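Participant: So I've got this file, protein-v3.csv, and it contains CSV, C-alpha atoms:
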chain,number,residue,atom,x,y,z
A,5,MET,CA,-51.4,164.7,73.4
A,6,THR,CA,-49.1,161.7,72.9
A,7,THR,CA,-50.4,158.4,71.6
A,8,HIS,CA,-47.6,156.3,73.1
A,9,ALA,CA,-49.1,153.6,75.2
A,10,LEU,CA,-48.2,153.5,78.9
A,11,PRO,CA,-47.3,150.2,80.7
A,12,ALA,CA,-50.3,148.4,82.2
A,13,ALA,CA,-48.9,148.9,85.7
A,14,ILE,CA,-49.3,152.7,85.3
A,15,GLU,CA,-53.0,152.9,86.1
A,16,PRO,CA,-54.9,154.7,88.9
A,17,VAL,CA,-55.3,151.8,91.4
A,18,ARG,CA,-51.6,151.0,91.2
A,19,LEU,CA,-50.5,154.6,91.4
A,20,THR,CA,-52.7,155.1,94.4
A,21,THR,CA,-51.0,152.2,96.2
A,22,MET,CA,-47.5,153.5,95.3
A,23,LEU,CA,-48.2,157.1,96.4
A,24,ARG,CA,-49.7,155.9,99.7
A,25,ALA,CA,-46.7,153.7,100.4
A,26,ALA,CA,-44.4,156.8,99.8
A,27,GLY,CA,-46.5,158.9,102.2
A,28,LEU,CA,-47.6,161.3,99.5
A,29,LEU,CA,-51.3,160.3,99.4
A,30,PRO,CA,-52.7,159.9,102.9
A,31,ASP,CA,-56.2,160.5,101.7
A,32,GLY,CA,-58.2,160.0,98.5
A,33,ARG,CA,-57.1,158.2,95.4
A,34,VAL,CA,-55.8,158.7,91.9
A,35,SER,CA,-58.8,158.9,89.6
A,36,SER,CA,-57.0,159.2,86.2
A,37,VAL,CA,-53.5,159.4,84.7
A,38,GLN,CA,-52.5,160.5,81.2
A,39,SER,CA,-49.3,161.3,79.4
A,40,VAL,CA,-49.3,165.0,78.5
A,41,HIS,CA,-45.8,165.1,76.9
A,42,SER,CA,-43.5,162.3,75.5
A,43,PHE,CA,-40.1,162.6,74.0
A,44,PRO,CA,-37.2,160.2,73.2
A,45,THR,CA,-33.6,160.4,74.4
A,46,VAL,CA,-30.7,158.5,72.9
A,47,LEU,CA,-31.5,155.4,75.0
A,48,SER,CA,-35.1,155.7,76.3
A,49,ARG,CA,-38.4,157.5,76.2
A,50,LEU,CA,-39.8,159.9,78.8
A,51,HIS,CA,-43.4,160.6,79.5
A,52,ARG,CA,-44.7,163.4,81.8
A,53,LEU,CA,-47.8,162.1,83.5
A,54,LYS,CA,-50.6,164.3,84.7
A,55,LEU,CA,-52.5,162.8,87.7
A,56,ASP,CA,-56.0,163.7,88.8
A,57,TYR,CA,-57.4,162.8,92.2
A,58,GLU,CA,-60.5,162.2,94.1
A,59,ASP,CA,-60.6,163.6,97.7
A,60,ALA,CA,-56.8,164.0,97.9
A,61,GLY,CA,-55.0,166.7,99.8
A,62,GLU,CA,-52.8,169.5,98.5
A,63,GLY,CA,-49.6,167.5,98.9
A,64,ALA,CA,-50.4,164.9,96.3
A,65,PRO,CA,-48.0,165.2,93.3
A,66,ARG,CA,-49.8,166.5,90.2
A,67,SER,CA,-47.3,165.1,87.8
A,68,LEU,CA,-44.7,162.3,87.6
A,69,TYR,CA,-42.1,161.2,85.0
A,70,LEU,CA,-42.3,157.7,83.5
A,71,LYS,CA,-39.2,156.4,81.8
A,72,THR,CA,-39.5,153.4,79.4
A,73,GLY,CA,-37.5,151.6,76.7
A,74,LEU,CA,-37.1,152.9,73.2
A,75,PRO,CA,-37.3,150.1,70.7
A,76,GLY,CA,-34.5,150.0,68.2
A,77,SER,CA,-32.3,152.3,70.3
A,78,ALA,CA,-28.8,151.8,71.5
A,79,GLY,CA,-30.3,151.3,75.0
A,80,ALA,CA,-31.8,148.0,73.9
A,81,ALA,CA,-28.4,146.7,72.8
A,82,MET,CA,-26.9,147.8,76.2
A,83,ASP,CA,-29.7,146.3,78.3
A,84,SER,CA,-29.8,149.7,79.9
A,85,GLY,CA,-33.3,149.6,81.2
A,86,ARG,CA,-32.9,146.4,83.2
A,87,ARG,CA,-29.7,147.8,84.6
A,88,GLU,CA,-31.3,151.1,85.7
A,89,VAL,CA,-34.2,149.2,87.3
A,90,ALA,CA,-31.6,147.2,89.3
A,91,PHE,CA,-30.0,150.4,90.4
A,92,TYR,CA,-33.3,151.7,91.8
A,93,ALA,CA,-34.0,148.4,93.4
A,94,THR,CA,-30.6,147.9,95.2
A,95,VAL,CA,-28.5,151.1,95.3
A,96,ALA,CA,-31.0,154.0,95.5
A,97,PRO,CA,-32.9,152.7,98.7
A,98,ALA,CA,-29.5,152.6,100.6
A,99,THR,CA,-28.3,156.0,99.3
A,100,PRO,CA,-28.7,159.1,101.5
A,101,ARG,CA,-31.7,161.2,100.6
A,102,GLY,CA,-31.3,164.3,98.5
A,103,LEU,CA,-28.8,162.9,95.9
A,104,LEU,CA,-31.2,161.1,93.5
A,105,PRO,CA,-34.7,161.7,92.3
A,106,ARG,CA,-37.2,159.6,94.2
A,107,CYS,CA,-38.4,156.5,92.4
A,108,PHE,CA,-41.9,155.1,93.2
A,109,ASP,CA,-41.8,152.1,90.9
A,110,ALA,CA,-39.1,150.2,89.0
A,111,ASP,CA,-39.9,147.1,87.0
A,112,ALA,CA,-38.4,145.1,84.1
A,113,ALA,CA,-39.5,142.0,82.3
A,114,SER,CA,-37.2,139.0,83.0
A,115,ASP,CA,-36.0,139.0,79.3
A,116,GLY,CA,-35.5,142.8,79.3
A,117,SER,CA,-38.1,143.3,76.6
A,118,SER,CA,-39.9,145.9,78.6
A,119,TRP,CA,-39.2,148.0,81.6
A,120,HIS,CA,-40.2,151.3,83.3
A,121,LEU,CA,-39.3,153.7,86.1
A,122,LEU,CA,-41.8,156.0,87.8
A,123,LEU,CA,-39.9,159.1,89.1
A,124,GLU,CA,-40.7,162.3,90.8
A,125,ASP,CA,-41.1,165.4,88.6
A,126,LEU,CA,-38.6,168.0,89.6
A,127,THR,CA,-39.6,170.5,87.0
A,128,ASP,CA,-40.7,173.1,89.6
A,129,THR,CA,-37.6,173.0,91.8
A,130,HIS,CA,-34.7,172.0,89.5
A,131,PHE,CA,-33.2,172.6,86.1
A,132,ILE,CA,-30.6,171.2,83.8
A,133,ALA,CA,-27.8,173.8,83.6
A,134,THR,CA,-27.4,174.1,79.8
A,135,GLN,CA,-28.4,172.6,76.6
A,136,TRP,CA,-26.0,169.9,75.3
A,137,PRO,CA,-23.2,170.4,74.3
A,138,LEU,CA,-22.7,173.7,76.0
A,139,PRO,CA,-20.8,173.3,79.3
A,140,PRO,CA,-22.3,174.8,82.5
A,141,THR,CA,-20.5,177.6,84.3
A,142,VAL,CA,-17.6,176.5,86.5
A,143,ALA,CA,-19.7,177.2,89.6
A,144,GLU,CA,-22.5,175.0,88.4
A,145,THR,CA,-20.0,172.3,87.5
A,146,GLU,CA,-18.5,172.5,91.0
A,147,SER,CA,-22.0,172.0,92.4
A,148,ILE,CA,-22.4,168.8,90.3
A,149,MET,CA,-18.9,167.6,91.3
A,150,ARG,CA,-19.7,168.0,95.0
A,151,CYS,CA,-23.0,166.2,94.6
A,152,ARG,CA,-21.1,163.4,92.8
A,153,ALA,CA,-18.5,163.3,95.6
A,154,ARG,CA,-21.2,162.9,98.3
A,155,PHE,CA,-22.8,160.0,96.4
A,156,GLN,CA,-19.4,158.3,95.9
A,157,ALA,CA,-18.4,158.8,99.5
A,158,ALA,CA,-21.6,157.1,100.6
A,159,TRP,CA,-20.6,154.0,98.7
A,160,TRP,CA,-16.8,154.2,99.1
A,161,ASP,CA,-15.4,150.8,100.0
A,162,HIS,CA,-18.9,149.8,101.1
A,163,PRO,CA,-19.1,146.2,102.3
A,164,ARG,CA,-22.0,145.5,99.9
A,165,LEU,CA,-19.9,146.3,96.8
A,166,GLY,CA,-19.7,143.1,94.8
A,167,ASP,CA,-22.0,141.4,97.3
A,168,GLY,CA,-25.5,142.5,96.3
A,169,VAL,CA,-24.4,145.8,94.8
A,170,GLY,CA,-22.6,145.5,91.6
A,171,HIS,CA,-20.4,142.7,90.3
A,172,ARG,CA,-16.8,141.8,91.1
A,173,PRO,CA,-15.4,140.3,87.9
A,174,SER,CA,-13.3,137.2,88.0
A,175,ASP,CA,-9.9,136.9,86.3
A,176,ASP,CA,-11.6,135.0,83.5
A,177,GLU,CA,-14.2,137.7,83.0
A,178,ILE,CA,-11.5,140.3,82.8
A,179,ASP,CA,-9.6,138.3,80.2
A,180,GLN,CA,-12.8,138.0,78.2
A,181,TRP,CA,-13.3,141.7,78.4
A,182,ARG,CA,-9.8,142.4,77.1
A,183,LEU,CA,-10.4,140.1,74.1
A,184,TRP,CA,-13.7,141.9,73.4
A,185,LEU,CA,-12.0,145.3,73.7
A,186,ALA,CA,-9.3,144.1,71.2
A,187,LYS,CA,-12.0,143.0,68.8
A,188,GLN,CA,-13.8,146.4,69.1
A,189,TYR,CA,-10.6,148.2,68.4
A,190,GLU,CA,-9.9,146.2,65.3
A,191,GLY,CA,-13.3,147.0,63.9
A,192,PHE,CA,-13.0,150.7,65.0
A,193,ALA,CA,-9.6,151.1,63.4
A,194,ASP,CA,-10.7,149.4,60.1
A,195,ALA,CA,-13.7,151.6,59.9
A,196,LEU,CA,-11.9,154.9,60.5
A,197,GLY,CA,-8.9,154.1,58.2
A,198,GLU,CA,-6.7,157.1,57.7
A,199,ARG,CA,-8.9,159.2,60.1
A,200,LEU,CA,-7.3,157.4,63.0
A,201,SER,CA,-3.7,158.6,63.1
A,202,ARG,CA,-0.7,156.3,63.5
A,203,GLU,CA,0.1,158.0,66.8
A,204,ARG,CA,-3.3,157.1,68.2
A,205,ARG,CA,-3.1,153.5,66.8
A,206,VAL,CA,0.1,153.1,68.7
A,207,LEU,CA,-1.6,154.3,71.9
A,208,TYR,CA,-4.4,151.8,71.5
A,209,GLU,CA,-2.0,148.9,70.8
A,210,LYS,CA,0.1,149.8,73.8
A,211,LEU,CA,-3.0,150.1,76.0
A,212,LEU,CA,-4.2,146.7,75.0
A,213,ALA,CA,-0.8,145.2,75.6
A,214,GLU,CA,-0.4,146.8,79.0
A,215,ALA,CA,-4.0,146.1,80.1
A,216,PRO,CA,-3.1,143.2,82.4
A,217,ARG,CA,-0.8,145.5,84.4
A,218,LEU,CA,-3.1,148.5,84.3
A,219,VAL,CA,-6.2,146.7,85.6
A,220,GLN,CA,-4.3,145.7,88.7
A,221,ARG,CA,-5.5,149.1,90.1
A,222,THR,CA,-8.9,147.5,90.6
A,223,ARG,CA,-8.0,144.0,91.5
A,224,GLY,CA,-7.4,144.8,95.2
A,225,TRP,CA,-11.0,146.2,95.4
A,226,ARG,CA,-9.7,149.1,97.4
A,227,HIS,CA,-10.9,152.7,97.1
A,228,MET,CA,-13.8,151.6,94.9
A,229,THR,CA,-17.3,153.0,94.8
A,230,VAL,CA,-20.5,153.0,92.7
A,231,ILE,CA,-20.1,155.2,89.6
A,232,GLN,CA,-22.8,156.5,87.3
A,233,GLY,CA,-21.1,155.4,84.1
A,234,ASP,CA,-22.8,158.1,82.0
A,235,ALA,CA,-21.7,161.0,84.3
A,236,HIS,CA,-22.0,164.0,81.9
A,237,VAL,CA,-23.1,167.3,83.4
A,238,TRP,CA,-26.5,167.1,81.7
A,239,ASN,CA,-27.4,164.1,83.9
A,240,CYS,CA,-27.8,166.2,87.0
A,241,PHE,CA,-30.6,168.4,88.1
A,242,LEU,CA,-29.5,171.7,89.8
A,243,PRO,CA,-31.8,173.5,92.2
A,244,LYS,CA,-33.4,176.7,91.0
A,245,ASP,CA,-32.4,180.0,92.6
A,246,GLY,CA,-33.9,180.4,96.0
A,247,SER,CA,-34.6,176.7,96.4
A,248,THR,CA,-33.5,174.8,99.5
A,249,GLU,CA,-33.2,171.7,97.4
A,250,THR,CA,-30.0,169.8,96.5
A,251,PRO,CA,-28.6,168.7,93.1
A,252,ARG,CA,-30.0,165.3,92.0
A,253,LEU,CA,-28.1,162.8,89.8
A,254,PHE,CA,-30.2,160.9,87.3
A,255,ASP,CA,-29.9,158.4,84.4
A,256,TRP,CA,-28.2,155.4,86.0
A,257,ASP,CA,-28.4,152.9,83.1
A,258,GLY,CA,-24.6,152.6,83.0
A,259,TRP,CA,-23.9,152.3,86.7
A,260,ARG,CA,-21.3,149.8,88.0
A,261,VAL,CA,-18.6,149.4,90.7
A,262,ALA,CA,-15.3,151.1,89.7
A,263,VAL,CA,-12.7,153.7,90.5
A,264,GLY,CA,-14.6,156.9,91.2
A,265,THR,CA,-12.5,159.0,88.8
A,266,GLU,CA,-14.0,157.1,85.9
A,267,ASP,CA,-17.0,159.4,86.2
A,268,LEU,CA,-14.8,162.5,86.6
A,269,ALA,CA,-12.8,161.7,83.5
A,270,TYR,CA,-15.9,161.1,81.5
A,271,MET,CA,-17.5,164.3,82.8
A,272,ILE,CA,-14.6,166.6,82.2
A,273,ALA,CA,-11.9,165.2,79.9
A,274,MET,CA,-14.3,163.5,77.6
A,275,HIS,CA,-16.7,166.5,77.1
A,276,TRP,CA,-14.6,169.6,77.5
A,277,TYR,CA,-12.3,171.2,74.9
A,278,PRO,CA,-8.8,172.2,76.1
A,279,ASP,CA,-9.2,175.9,76.9
A,280,LEU,CA,-11.9,175.4,79.6
A,281,ARG,CA,-10.6,172.1,80.8
A,282,ARG,CA,-7.1,173.4,81.4
A,283,ARG,CA,-8.5,176.3,83.5
A,284,ALA,CA,-11.1,174.5,85.5
A,285,GLU,CA,-9.9,170.9,85.7
A,286,ARG,CA,-7.7,171.1,88.8
A,287,PRO,CA,-9.9,173.4,90.9
A,288,LEU,CA,-12.8,171.0,90.2
A,289,LEU,CA,-10.8,168.0,91.2
A,290,ASP,CA,-9.8,169.8,94.4
A,291,ALA,CA,-13.4,170.6,95.2
A,292,PHE,CA,-14.3,166.9,94.6
A,293,TYR,CA,-11.5,165.7,96.8
A,294,ASP,CA,-12.5,168.1,99.6
A,295,GLU,CA,-16.0,166.9,99.5
A,296,LEU,CA,-14.9,163.2,99.7
A,297,LEU,CA,-12.9,164.0,102.9
A,298,ALA,CA,-15.8,166.0,104.3
A,299,HIS,CA,-18.1,162.9,103.9
A,300,GLY,CA,-15.8,160.4,105.6
A,301,VAL,CA,-13.4,159.1,102.9
A,302,THR,CA,-10.0,158.3,104.5
A,303,GLY,CA,-6.7,156.9,103.4
A,304,TYR,CA,-6.9,158.3,100.0
A,305,ASP,CA,-4.8,161.4,99.3
A,306,ARG,CA,-5.0,164.1,96.7
A,307,ARG,CA,-2.1,162.6,94.7
A,308,ALA,CA,-3.9,159.2,94.5
A,309,LEU,CA,-6.9,161.0,93.1
A,310,GLN,CA,-4.8,162.7,90.5
A,311,GLU,CA,-3.1,159.4,89.4
A,312,ASP,CA,-6.5,157.6,89.3
A,313,TYR,CA,-7.8,160.5,87.2
A,314,ARG,CA,-5.0,160.2,84.7
A,315,LEU,CA,-5.5,156.4,84.4
A,316,SER,CA,-9.2,156.9,84.0
A,317,VAL,CA,-8.6,159.5,81.2
A,318,LEU,CA,-6.4,156.9,79.5
A,319,TRP,CA,-9.1,154.2,79.7
A,320,GLN,CA,-11.7,156.6,78.5
A,321,THR,CA,-10.0,156.5,75.0
A,322,THR,CA,-11.8,153.2,74.7
A,323,ARG,CA,-15.2,154.7,75.3
A,324,PRO,CA,-15.8,155.8,71.7
A,325,LEU,CA,-15.1,152.3,70.5
A,326,TRP,CA,-17.9,150.9,72.7
A,327,MET,CA,-20.2,153.8,71.7
A,328,ARG,CA,-19.8,153.0,68.1
A,329,SER,CA,-20.4,149.2,68.7
A,330,VAL,CA,-23.8,149.8,70.3
A,331,GLY,CA,-25.0,152.2,67.7
A,332,ILE,CA,-24.6,155.6,69.4
A,333,PRO,CA,-24.3,158.1,66.5
A,334,PRO,CA,-21.0,159.6,65.3
A,335,SER,CA,-22.2,163.1,66.3
A,336,ILE,CA,-21.5,161.9,69.9
A,337,TRP,CA,-18.6,159.5,69.7
A,338,TRP,CA,-16.5,161.3,67.1
A,339,ASN,CA,-16.3,164.5,69.2
A,340,ASN,CA,-15.7,162.5,72.3
A,341,LEU,CA,-12.8,160.7,70.6
A,342,GLU,CA,-11.1,164.0,69.7
A,343,ARG,CA,-11.6,165.6,73.1
A,344,ILE,CA,-10.4,162.6,75.1
A,345,HIS,CA,-7.2,162.3,73.1
A,346,LEU,CA,-6.4,166.0,73.6
A,347,ALA,CA,-6.8,165.4,77.4
A,348,VAL,CA,-4.4,162.4,77.1
A,349,ASP,CA,-1.8,164.7,75.6
A,350,ASP,CA,-2.3,167.4,78.2
A,351,LEU,CA,-2.1,165.0,81.2
A,352,ASP,CA,0.8,163.0,79.7
A,353,CYS,CA,-1.2,159.8,80.1
A,354,ARG,CA,1.1,157.9,77.6
A,355,GLU,CA,3.6,157.9,80.4
A,356,LEU,CA,1.4,155.3,82.2
A,357,LEU,CA,1.9,152.9,79.3
A,358,GLY,CA,5.6,152.6,80.1
Here is a file; write its structure as structure tokens.

Facilitator:
Amino acid sequence: MTTHALPAAIEPVRLTTMLRAAGLLPDGRVSSVQSVHSFPTVLSRLHRLKLDYEDAGEGAPRSLYLKTGLPGSAGAAMDSGRREVAFYATVAPATPRGLLPRCFDADAASDGSSWHLLLEDLTDTHFIATQWPLPPTVAETESIMRCRARFQAAWWDHPRLGDGVGHRPSDDEIDQWRLWLAKQYEGFADALGERLSRERRVLYEKLLAEAPRLVQRTRGWRHMTVIQGDAHVWNCFLPKDGSTETPRLFDWDGWRVAVGTEDLAYMIAMHWYPDLRRRAERPLLDAFYDELLAHGVTGYDRRALQEDYRLSVLWQTTRPLWMRSVGIPPSIWWNNLERIHLAVDDLDCRELLG
């Protein structure tokens, strides 16, 4: 059994109150809680909790998942825990049921030094399609894409975007971001040396030069939504065969308001090698678009989605720069770098630079 300490809030009396508020514990009380399995991820630590009850009915959950910070990880540098707590405090309660795991408690210290999420355990009803880095089947990926489209449609041009949900950056903040990005590129290029080709250096230099024009796509705050930010296929639970459940998107430490195709470019172009991507990319984008329309998105045609996707793929070339800057290991960002530049070539994204 793990020796990792649990937050003080995760104790029987508090858990009893949470589960009663959620309608999962009409009778009885939690008598004890213990962590039976604990493991780290790149950004956090997960604990599977076993709950024992006194005088409780059959419907009381026998296990829950607790997500906490991981000292010394890249997550601490990203302030990822406090951001995910904010997601479950503001976005999740207003999101249609069946798209996210249920969260029973979300709390973070004001200085971000500690945080936790208490989430439902979906082990019995759901699974993660494959072990990273193996892609799922195209059918499984389509299921994830349609779930993502339903989530994005629920927040598409929502009146709360930038007003209680996410942040609408000022012109000055965008300028500061461009300066930060230029500094990150300088360090990235120096560190890679000859491993970063002249052709790719030219692409980055043009991208930085054209950034003021390219960011105009978002300045009108039109056709925007909440994105996951870390939207790879392993951050979605799929229902097991025979289940009536729906896919559930999890890990929201990178969420923000943006163009929805940012998540699609990260999910497909960043993570898939050319053979599979070339065969599956367009049908998956078609399925995503059809799902958007089915859930109320209007005034956004398939061509607009394609152009947004190409622009998002181009911007994703900067993602490895950021990953390196926060300490994510090269085993992740180096492969992402190679795959995203191959996608840029296939989609002729350089044409967007003029």

Participant: Which residues, written as a PyMOL selection string, have at least one atom at most 8 Å from stretch 68-79 of chain A, with all atoms listed in the file counted and residues fewer than 4 positions away on the same chain left out?

Facilitator: chain A and resi 44+46-55+83-85+118-125+330-332

Participant: With C-alpha atoms retained, could you export that selection as a PDB file, keeping the file's coordinate frame?

Facilitator:
ATOM      1  CA  PRO A  44     -37.200 160.200  73.200  1.00  0.00           C
ATOM      2  CA  VAL A  46     -30.700 158.500  72.900  1.00  0.00           C
ATOM      3  CA  LEU A  47     -31.500 155.400  75.000  1.00  0.00           C
ATOM      4  CA  SER A  48     -35.100 155.700  76.300  1.00  0.00           C
ATOM      5  CA  ARG A  49     -38.400 157.500  76.200  1.00  0.00           C
ATOM      6  CA  LEU A  50     -39.800 159.900  78.800  1.00  0.00           C
ATOM      7  CA  HIS A  51     -43.400 160.600  79.500  1.00  0.00           C
ATOM      8  CA  ARG A  52     -44.700 163.400  81.800  1.00  0.00           C
ATOM      9  CA  LEU A  53     -47.800 162.100  83.500  1.00  0.00           C
ATOM     10  CA  LYS A  54     -50.600 164.300  84.700  1.00  0.00           C
ATOM     11  CA  LEU A  55     -52.500 162.800  87.700  1.00  0.00           C
ATOM     12  CA  ASP A  83     -29.700 146.300  78.300  1.00  0.00           C
ATOM     13  CA  SER A  84     -29.800 149.700  79.900  1.00  0.00           C
ATOM     14  CA  GLY A  85     -33.300 149.600  81.200  1.00  0.00           C
ATOM     15  CA  SER A 118     -39.900 145.900  78.600  1.00  0.00           C
ATOM     16  CA  TRP A 119     -39.200 148.000  81.600  1.00  0.00           C
ATOM     17  CA  HIS A 120     -40.200 151.300  83.300  1.00  0.00           C
ATOM     18  CA  LEU A 121     -39.300 153.700  86.100  1.00  0.00           C
ATOM     19  CA  LEU A 122     -41.800 156.000  87.800  1.00  0.00           C
ATOM     20  CA  LEU A 123     -39.900 159.100  89.100  1.00  0.00           C
ATOM     21  CA  GLU A 124     -40.700 162.300  90.800  1.00  0.00           C
ATOM     22  CA  ASP A 125     -41.100 165.400  88.600  1.00  0.00           C
ATOM     23  CA  VAL A 330     -23.800 149.800  70.300  1.00  0.00           C
ATOM     24  CA  GLY A 331     -25.000 152.200  67.700  1.00  0.00           C
ATOM     25  CA  ILE A 332     -24.600 155.600  69.400  1.00  0.00           C
TER      26      ILE A 332
END

Participant: From the set A:Thr302, A:Arg260, A:Asp111, A:Pro243, which residue has the shortest atom-to-atom contact distance to A:His171, counting all atoms listed in the file?

Facilitator: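 Closest candidate: A:Arg260.
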
Participant: Pick the closest to A:Glu249 from A:Thr129, A:Thr141, A:Ser147, A:Thr134: which is it, counting all atoms listed in the file?

Facilitator: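 Looking at the shortest contact to A:Glu249, the residue is A:Thr129.
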
Participant: List as a compact mmCIF listing (two decimals) with C-alpha atoms, keeping the file's coordinate frame the residues having at least one atom at most 12 Å from position (-9.1, 174.3, 74.3) as given in the file, counting only C-alpha atoms.

Facilitator:
# COMPACT_ATOMS: atom_id res chain seq x y z
CA ALA A 273 -11.90 165.20 79.90
CA HIS A 275 -16.70 166.50 77.10
CA TRP A 276 -14.60 169.60 77.50
CA TYR A 277 -12.30 171.20 74.90
CA PRO A 278 -8.80 172.20 76.10
CA ASP A 279 -9.20 175.90 76.90
CA LEU A 280 -11.90 175.40 79.60
CA ARG A 281 -10.60 172.10 80.80
CA ARG A 282 -7.10 173.40 81.40
CA ARG A 283 -8.50 176.30 83.50
CA ALA A 284 -11.10 174.50 85.50
CA GLU A 285 -9.90 170.90 85.70
CA GLU A 342 -11.10 164.00 69.70
CA ARG A 343 -11.60 165.60 73.10
CA ILE A 344 -10.40 162.60 75.10
CA LEU A 346 -6.40 166.00 73.60
CA ALA A 347 -6.80 165.40 77.40
CA ASP A 350 -2.30 167.40 78.20

Participant: Could you check the closest approach to A:Ala215 for each of A:Phe131, A:Trp259, A:Trp319, A:Trp160 and tell me which residue wins, using all atoms listed in the file?

Facilitator: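 Smallest separation from A:Ala215 among the options: A:Trp319.
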
Participant: Give me the residues within 6 Å of stretch 151-157 of chain A as a PDB file with C-alpha atoms, in the frame of the given file, counting all atoms listed in the file and dropping any in the same chain fewer than 4 places off.

Facilitator:
ATOM      1  CA  THR A 229     -17.300 153.000  94.800  1.00  0.00           C
ATOM      2  CA  PHE A 292     -14.300 166.900  94.600  1.00  0.00           C
ATOM      3  CA  GLU A 295     -16.000 166.900  99.500  1.00  0.00           C
ATOM      4  CA  LEU A 296     -14.900 163.200  99.700  1.00  0.00           C
TER       5      LEU A 296
END

Participant: Could you pull the residues within 12 Å of A:Arg150, counting all atoms listed in the file, minus those fewer than 3 positions along the same chain, as a PyMOL selection string?

Facilitator: chain A and resi 103+143-147+153-157+240+242+250-253+268+287-299

Participant: Need the shell around A:Arg226: protein/DNA/RNA residues with any atom at most 10 Å away, counting only C-alpha atoms. Skip same-chain ones fewer than 6 positions apart. Format as a PyMOL selection string?

Facilitator: chain A and resi 160-162+262-263+304

Participant: Find the spatial neighbours of A:Val261, counting all atoms listed in the file, within a cut-off of 7 Å - ignore same-chain residues fewer than 5 positions away - and output them as a VMD selection string.

Facilitator: chain A and resid 165 170 to 171 228 to 231

Participant: Taking all atoms listed in the file into account, which of A:Lys244, A:His236, A:Arg87, A:Arg24 comes nearest A:Met271?

Facilitator: A:His236

Participant: With distances taken over only C-alpha atoms, which residue among A:Arg306, A:His130, A:His227, A:Arg328 lies nearest A:Gly191?

Facilitator: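 Of A:Arg306, A:His130, A:His227, A:Arg328, the one nearest A:Gly191 is A:Arg328, counting only C-alpha atoms.
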
Participant: Between atom CA of A:Gln310 and atom CA of A:Ala269, what is the distance, to one decimal in Å?

Facilitator: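 Taking atom CA of A:Gln310 as the start and atom CA of A:Ala269 as the end point, the length is 10.7 Å.
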
Participant: Using only C-alpha atoms, pick whichever of A:Leu325, A:Ala110, A:Cys353, A:Val237 has the shortest atom-to-atom distance to A:Lys187.

Facilitator: A:Leu325

Participant: Show me as a list in words the residues that reach within 8 Å of (-50.9, 156.2, 80.7), counting all atoms listed in the file and using the file's own coordinates.

Facilitator: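 Those residues, ordered by chain and then number, are Ala9, Leu10, Pro11, Ala12, Ile14, Glu15, Val37, Gln38, Ser39 and Leu53 of chain A.
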
Participant: Output C-alpha atoms for every residue in the selection just made, as a compact mmCIF listing (two decimals), in the frame of the given file.

Facilitator:
# COMPACT_ATOMS: atom_id res chain seq x y z
CA ALA A 9 -49.10 153.60 75.20
CA LEU A 10 -48.20 153.50 78.90
CA PRO A 11 -47.30 150.20 80.70
CA ALA A 12 -50.30 148.40 82.20
CA ILE A 14 -49.30 152.70 85.30
CA GLU A 15 -53.00 152.90 86.10
CA VAL A 37 -53.50 159.40 84.70
CA GLN A 38 -52.50 160.50 81.20
CA SER A 39 -49.30 161.30 79.40
CA LEU A 53 -47.80 162.10 83.50

Participant: By how many Å are atom CA of A:Ala25 and atom CA of A:Arg106 apart?

Facilitator: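 Separation between atom CA of A:Ala25 and atom CA of A:Arg106: 12.8 Å.
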
Participant: What is the atom CA of A:Trp337 to atom CA of A:Asp234 distance in Å?

Facilitator: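 Between atom CA of A:Trp337 and atom CA of A:Asp234 the gap is 13.1 Å.
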
Participant: Complete stretch 232-240 of chain A at the level of N, CA and C atoms, written as a short mmCIF file (atom, residue, chain, number, x, y, z; two decimals), keeping the file's coordinate frame.

Facilitator:
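Contents of selection_15.cif, as written:
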data_model
loop_
_atom_site.label_atom_id
_atom_site.label_comp_id
_atom_site.auth_asym_id
_atom_site.auth_seq_id
_atom_site.Cartn_x
_atom_site.Cartn_y
_atom_site.Cartn_z
N GLN A 232 -21.65 156.33 88.15
CA GLN A 232 -22.80 156.50 87.30
C GLN A 232 -22.61 155.89 85.91
N GLY A 233 -21.39 156.00 85.42
CA GLY A 233 -21.10 155.40 84.10
C GLY A 233 -21.39 156.37 82.95
N ASP A 234 -22.46 157.15 83.07
CA ASP A 234 -22.80 158.10 82.00
C ASP A 234 -22.90 159.49 82.73
N ALA A 235 -21.76 159.89 83.29
CA ALA A 235 -21.70 161.00 84.30
C ALA A 235 -21.48 162.35 83.62
N HIS A 236 -22.13 162.63 82.49
CA HIS A 236 -22.00 164.00 81.90
C HIS A 236 -22.81 164.97 82.72
N VAL A 237 -22.52 166.25 82.54
CA VAL A 237 -23.10 167.30 83.40
C VAL A 237 -24.63 167.46 83.11
N TRP A 238 -25.12 166.93 81.99
CA TRP A 238 -26.50 167.10 81.70
C TRP A 238 -27.38 165.97 82.32
N ASN A 239 -26.72 165.10 83.09
CA ASN A 239 -27.40 164.10 83.90
C ASN A 239 -27.48 164.45 85.34
N CYS A 240 -27.61 165.74 85.59
CA CYS A 240 -27.80 166.20 87.00
C CYS A 240 -28.75 167.39 86.97
#
